[in-house]
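Heads up: the structure comes next, in structure tokens.
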Amino acid sequence: MILTTEQINYIENYIQSFDIKWYEIQVELTDHMVAIMEEIWEQDPELTFHQVKYQAEQRFGSGYFKTIVAERKTILHKEYNRQQRKMVGEFLRFPKIIASILLGVVAYQVSFYFENPAKYVSGLFGGLFIFTLATFYSWFKNRKMDGKRFLGVEISSSLVSTGPLLGISLANVIKDEIIYNSKLVIPFIGLWVLLFLFCITGIHIQTTILKTIKKQYQLS
């Protein structure tokens, strides 16, 4: 037996009562519960709507909703990281790797114009950190679309901002060694280029996710 629109809306409100803040998970759980209820009702058409709902609840079990949220977050994290590694890997292949190498060479050549190479390295990572703030601005702007929050947007905003901060901290720790051995700038530049690639691919992925969500859920 197929649930009516009014009954489906009732189930939607029931799912929302569990304080699940991510809209796509609300939709997923609603569809899942509706499917179970229709299956139960098909097997026993004499049951009332609330009896069918009760039996469906028993199939979910205690803590089911929290488990689903945790599983979806884990899956999205893995998928996001997989996409980002794949895109970075594409930059490390010919011919894109040439542009990556040139970026590193330019950054190294510019270092000769600075008397203090440690400050230059800190400046590189500081600039990269500022660059990553664009993702946080995008998250802040799109954290709610039509009053709804999406886990995909939340996950995609967690870029490698800790990477630039780690680079700054490491440069400050061994700043004396960098001053006396300017060649130590080279591995830092290599790390900087790699983190830069992660950042730009992360922004691209975030933009793609936003477009997909807006199209899928018909949001403005």
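As shown in the structure tokens, the chain order sets the letters A, B, ...; within each chain, residues go from 1, and ligands are also counted from 1 in the order they appear.
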Residues near segment 29-40 of chain A, cut-off 8 Å, only C-alpha atoms, skip fewer than 5 positions along chain, as a VMD selection string = chain A and resid 1 to 3 8 11 to 12 15 52 to 53 55 to 56 65
If you keep all heavy atoms, can you produce a file of those selected residues as an mmCIF file, in the first residue's frame?
data_model
loop_
_atom_site.group_PDB
_atom_site.id
_atom_site.type_symbol
_atom_site.label_atom_id
_atom_site.label_comp_id
_atom_site.auth_asym_id
_atom_site.auth_seq_id
_atom_site.Cartn_x
_atom_site.Cartn_y
_atom_site.Cartn_z
ATOM 1 N N MET A 1 0.846 -1.194 0.000
ATOM 2 C CA MET A 1 0.000 0.000 0.000
ATOM 3 C C MET A 1 0.886 1.250 0.000
ATOM 4 O O MET A 1 1.868 1.324 0.744
ATOM 5 C CB MET A 1 -0.912 0.014 1.231
ATOM 6 C CG MET A 1 -1.933 1.154 1.236
ATOM 7 S SD MET A 1 -3.048 1.065 2.668
ATOM 8 C CE MET A 1 -3.945 -0.458 2.286
ATOM 9 N N ILE A 2 0.566 2.205 -0.823
ATOM 10 C CA ILE A 2 1.347 3.422 -0.963
ATOM 11 C C ILE A 2 0.875 4.472 0.039
ATOM 12 O O ILE A 2 -0.329 4.710 0.182
ATOM 13 C CB ILE A 2 1.226 3.985 -2.399
ATOM 14 C CG1 ILE A 2 1.644 2.919 -3.412
ATOM 15 C CG2 ILE A 2 2.109 5.230 -2.548
ATOM 16 C CD1 ILE A 2 3.057 2.442 -3.272
ATOM 17 N N LEU A 3 1.832 5.100 0.721
ATOM 18 C CA LEU A 3 1.487 6.148 1.678
ATOM 19 C C LEU A 3 1.041 7.406 0.941
ATOM 20 O O LEU A 3 1.557 7.718 -0.141
ATOM 21 C CB LEU A 3 2.680 6.482 2.574
ATOM 22 C CG LEU A 3 2.801 5.686 3.885
ATOM 23 C CD1 LEU A 3 3.045 4.205 3.603
ATOM 24 C CD2 LEU A 3 3.932 6.251 4.747
ATOM 25 N N ILE A 8 3.248 10.833 4.372
ATOM 26 C CA ILE A 8 4.694 11.013 4.179
ATOM 27 C C ILE A 8 5.171 12.262 4.906
ATOM 28 O O ILE A 8 6.243 12.265 5.539
ATOM 29 C CB ILE A 8 5.031 11.082 2.676
ATOM 30 C CG1 ILE A 8 4.773 9.730 2.013
ATOM 31 C CG2 ILE A 8 6.492 11.502 2.476
ATOM 32 C CD1 ILE A 8 4.960 9.729 0.512
ATOM 33 N N ILE A 11 5.627 11.457 8.456
ATOM 34 C CA ILE A 11 6.884 10.730 8.694
ATOM 35 C C ILE A 11 8.072 11.689 8.646
ATOM 36 O O ILE A 11 9.017 11.580 9.441
ATOM 37 C CB ILE A 11 7.063 9.601 7.660
ATOM 38 C CG1 ILE A 11 5.926 8.584 7.791
ATOM 39 C CG2 ILE A 11 8.412 8.914 7.843
ATOM 40 C CD1 ILE A 11 5.811 7.957 9.158
ATOM 41 N N GLU A 12 8.028 12.646 7.735
ATOM 42 C CA GLU A 12 9.099 13.647 7.661
ATOM 43 C C GLU A 12 9.219 14.408 8.977
ATOM 44 O O GLU A 12 10.322 14.605 9.502
ATOM 45 C CB GLU A 12 8.812 14.631 6.519
ATOM 46 C CG GLU A 12 9.036 14.065 5.132
ATOM 47 C CD GLU A 12 8.710 15.066 4.037
ATOM 48 O OE1 GLU A 12 8.119 16.128 4.357
ATOM 49 O OE2 GLU A 12 9.032 14.797 2.867
ATOM 50 N N ILE A 15 10.757 12.168 11.632
ATOM 51 C CA ILE A 15 12.211 12.046 11.493
ATOM 52 C C ILE A 15 12.906 13.315 12.000
ATOM 53 O O ILE A 15 13.923 13.259 12.705
ATOM 54 C CB ILE A 15 12.602 11.791 10.015
ATOM 55 C CG1 ILE A 15 12.042 10.443 9.537
ATOM 56 C CG2 ILE A 15 14.113 11.842 9.838
ATOM 57 C CD1 ILE A 15 12.602 9.246 10.240
ATOM 58 N N VAL A 52 1.361 0.394 11.602
ATOM 59 C CA VAL A 52 2.444 0.175 10.635
ATOM 60 C C VAL A 52 3.676 0.990 11.032
ATOM 61 O O VAL A 52 4.812 0.494 10.978
ATOM 62 C CB VAL A 52 1.985 0.567 9.211
ATOM 63 C CG1 VAL A 52 3.158 0.529 8.241
ATOM 64 C CG2 VAL A 52 0.891 -0.365 8.745
ATOM 65 N N LYS A 53 3.443 2.220 11.442
ATOM 66 C CA LYS A 53 4.549 3.085 11.879
ATOM 67 C C LYS A 53 5.267 2.468 13.076
ATOM 68 O O LYS A 53 6.506 2.472 13.137
ATOM 69 C CB LYS A 53 4.022 4.473 12.230
ATOM 70 C CG LYS A 53 5.056 5.417 12.862
ATOM 71 C CD LYS A 53 4.448 6.775 13.126
ATOM 72 C CE LYS A 53 5.389 7.658 13.949
ATOM 73 N NZ LYS A 53 5.527 7.171 15.340
ATOM 74 N N GLN A 55 5.488 -0.730 13.915
ATOM 75 C CA GLN A 55 6.271 -1.894 13.493
ATOM 76 C C GLN A 55 7.536 -1.465 12.754
ATOM 77 O O GLN A 55 8.601 -2.084 12.906
ATOM 78 C CB GLN A 55 5.416 -2.803 12.603
ATOM 79 C CG GLN A 55 4.322 -3.535 13.339
ATOM 80 C CD GLN A 55 3.690 -4.630 12.499
ATOM 81 O OE1 GLN A 55 4.321 -5.153 11.564
ATOM 82 N NE2 GLN A 55 2.446 -4.993 12.820
ATOM 83 N N ALA A 56 7.424 -0.399 11.973
ATOM 84 C CA ALA A 56 8.614 0.115 11.263
ATOM 85 C C ALA A 56 9.637 0.627 12.258
ATOM 86 O O ALA A 56 10.848 0.415 12.078
ATOM 87 C CB ALA A 56 8.203 1.220 10.297
ATOM 88 N N PHE A 65 19.121 6.060 14.280
ATOM 89 C CA PHE A 65 19.296 7.333 13.583
ATOM 90 C C PHE A 65 20.708 7.895 13.802
ATOM 91 O O PHE A 65 21.349 8.387 12.879
ATOM 92 C CB PHE A 65 18.242 8.344 14.027
ATOM 93 C CG PHE A 65 16.843 7.940 13.646
ATOM 94 C CD1 PHE A 65 15.832 7.916 14.595
ATOM 95 C CD2 PHE A 65 16.534 7.576 12.353
ATOM 96 C CE1 PHE A 65 14.544 7.536 14.240
ATOM 97 C CE2 PHE A 65 15.256 7.199 11.992
ATOM 98 C CZ PHE A 65 14.252 7.168 12.946
#
inquiry  = For the strand (DSSP E or B) assignment from backbone DSSP, which residues of segment 5-220 of chain A qualify? Please present them as number ranges by chain.
reply    = A: 22, 145, 148-149
query = Which polymer residues have any atom within 10 Å of an atom of Ile209 of chain A, counting only C-alpha atoms, with same-chain residues fewer than 3 positions away left out, as a VMD selection string?
reply = chain A and resid 80 152 to 153 155 to 156 203 to 206 212 to 215
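Using only C-alpha atoms for every distance, the candidate list A:Thr201, A:Lys183, A:Asn142, A:Tyr23 yields A:Lys183 as the residue closest to Phe112 of chain A.
Taking only C-alpha atoms, the non-local environment of Ile20 of chain A within 10 Å (same-chain residues fewer than 4 positions away omitted) comprises Ile15, Gln16, Glu24, Ile25, Gln26, Leu29, Phe65, Lys66, Val69 and Arg149 of chain A.
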request  = Extract, using only C-alpha atoms, all DNA, RNA and protein residues at most 10 Å from Ile101 of chain A, discarding same-chain residues fewer than 4 positions from it, and format them as a PyMOL selection string.
outcome  = chain A and resi 92+96-97+105-107+190+193
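What separates atom CA of Glu6 of chain A from atom CA of Leu47 of chain A is a distance of 17.6 Å.
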task = Could you give me, as a PyMOL selection string, the residues within 10 Å of Pro117 of chain A, counting only C-alpha atoms and dropping anything in the same chain fewer than 4 positions from it?
result = chain A and resi 111-113+121-123+171+175-176+178-185
Go ahead and save the picked residues with N, CA, C and O atoms, as a compact mmCIF listing (two decimals), in the first residue's frame.
# COMPACT_ATOMS: atom_id res chain seq x y z
N SER A 111 62.57 33.43 -3.16
CA SER A 111 63.17 33.38 -1.82
C SER A 111 64.49 34.13 -1.74
O SER A 111 64.88 34.60 -0.66
N PHE A 112 65.20 34.26 -2.87
CA PHE A 112 66.50 34.95 -2.86
C PHE A 112 66.36 36.45 -2.63
O PHE A 112 67.34 37.13 -2.33
N TYR A 113 65.14 36.97 -2.77
CA TYR A 113 64.92 38.40 -2.55
C TYR A 113 64.64 38.71 -1.08
O TYR A 113 64.42 39.86 -0.72
N VAL A 121 59.37 31.58 4.31
CA VAL A 121 58.62 30.32 4.37
C VAL A 121 57.33 30.51 5.15
O VAL A 121 56.26 30.06 4.74
N SER A 122 57.44 31.21 6.29
CA SER A 122 56.23 31.48 7.09
C SER A 122 55.23 32.30 6.28
O SER A 122 54.01 32.08 6.36
N GLY A 123 55.74 33.25 5.48
CA GLY A 123 54.88 34.06 4.64
C GLY A 123 54.17 33.24 3.58
O GLY A 123 52.99 33.47 3.28
N ALA A 171 58.27 25.96 10.47
CA ALA A 171 59.26 26.96 10.06
C ALA A 171 59.76 27.77 11.25
O ALA A 171 60.96 28.10 11.34
N LYS A 175 63.64 27.80 12.53
CA LYS A 175 63.98 29.02 11.80
C LYS A 175 65.48 29.30 11.80
O LYS A 175 66.02 29.81 10.81
N ASP A 176 66.17 28.99 12.90
CA ASP A 176 67.62 29.24 12.95
C ASP A 176 68.35 28.36 11.94
O ASP A 176 69.29 28.83 11.27
N ILE A 178 67.10 27.20 9.17
CA ILE A 178 66.79 27.70 7.83
C ILE A 178 67.66 28.91 7.49
O ILE A 178 68.13 29.06 6.36
N ILE A 179 67.88 29.76 8.48
CA ILE A 179 68.71 30.96 8.26
C ILE A 179 70.13 30.58 7.88
O ILE A 179 70.73 31.17 6.96
N TYR A 180 70.68 29.57 8.57
CA TYR A 180 72.07 29.18 8.31
C TYR A 180 72.21 28.20 7.15
O TYR A 180 73.30 27.98 6.64
N ASN A 181 71.11 27.59 6.75
CA ASN A 181 71.14 26.66 5.62
C ASN A 181 69.92 26.93 4.75
O ASN A 181 68.86 26.34 4.93
N SER A 182 70.09 27.84 3.80
CA SER A 182 68.97 28.29 2.98
C SER A 182 68.38 27.18 2.11
O SER A 182 67.24 27.30 1.64
N LYS A 183 69.13 26.09 1.90
CA LYS A 183 68.61 25.00 1.08
C LYS A 183 67.45 24.28 1.75
O LYS A 183 66.71 23.53 1.10
N LEU A 184 67.27 24.49 3.06
CA LEU A 184 66.14 23.90 3.75
C LEU A 184 64.82 24.49 3.26
O LEU A 184 63.75 23.95 3.54
N VAL A 185 64.93 25.61 2.54
CA VAL A 185 63.72 26.22 1.97
C VAL A 185 63.09 25.29 0.94
O VAL A 185 61.86 25.27 0.78
DSSP-assigned helix (DSSP H, G or I) members of segment 38-213 of chain A, reported as JSON, numbers by chain = {"A": [38, 39, 40, 41, 42, 43, 49, 50, 51, 52, 53, 54, 55, 56, 57, 58, 59, 60, 64, 65, 66, 67, 68, 69, 70, 71, 72, 73, 74, 75, 76, 77, 78, 79, 80, 81, 82, 83, 84, 85, 86, 87, 88, 89, 90, 91, 96, 97, 98, 99, 100, 101, 102, 103, 104, 105, 106, 107, 108, 109, 110, 111, 117, 118, 119, 120, 121, 122, 123, 124, 125, 126, 127, 128, 129, 130, 131, 132, 133, 134, 135, 136, 137, 138, 139, 140, 141, 142, 151, 152, 153, 154, 155, 156, 162, 163, 164, 165, 166, 167, 168, 169, 170, 171, 172, 173, 175, 176, 177, 178, 179, 180, 182, 183, 184, 185, 186, 187, 188, 189, 190, 191, 192, 193, 194, 195, 196, 197, 198, 199, 200, 201, 202, 203, 204, 205, 206, 207, 208, 209, 210, 211, 212, 213]}
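If you look at atom CA of Lys86 of chain A and atom CA of Lys73 of chain A, they are 19.9 Å away from each other.
Shortest separation to Thr48 of chain A among A:Phe18, A:Ala70, A:Gln83, A:Gln7 occurs at residue A:Gln7, atoms counted being only C-alpha atoms.
Among A:Tyr108, A:Phe131, A:Phe91, A:Phe150, the residue with the shortest atom-to-atom distance to Leu194 of chain A, counting only C-alpha atoms, is A:Phe91.
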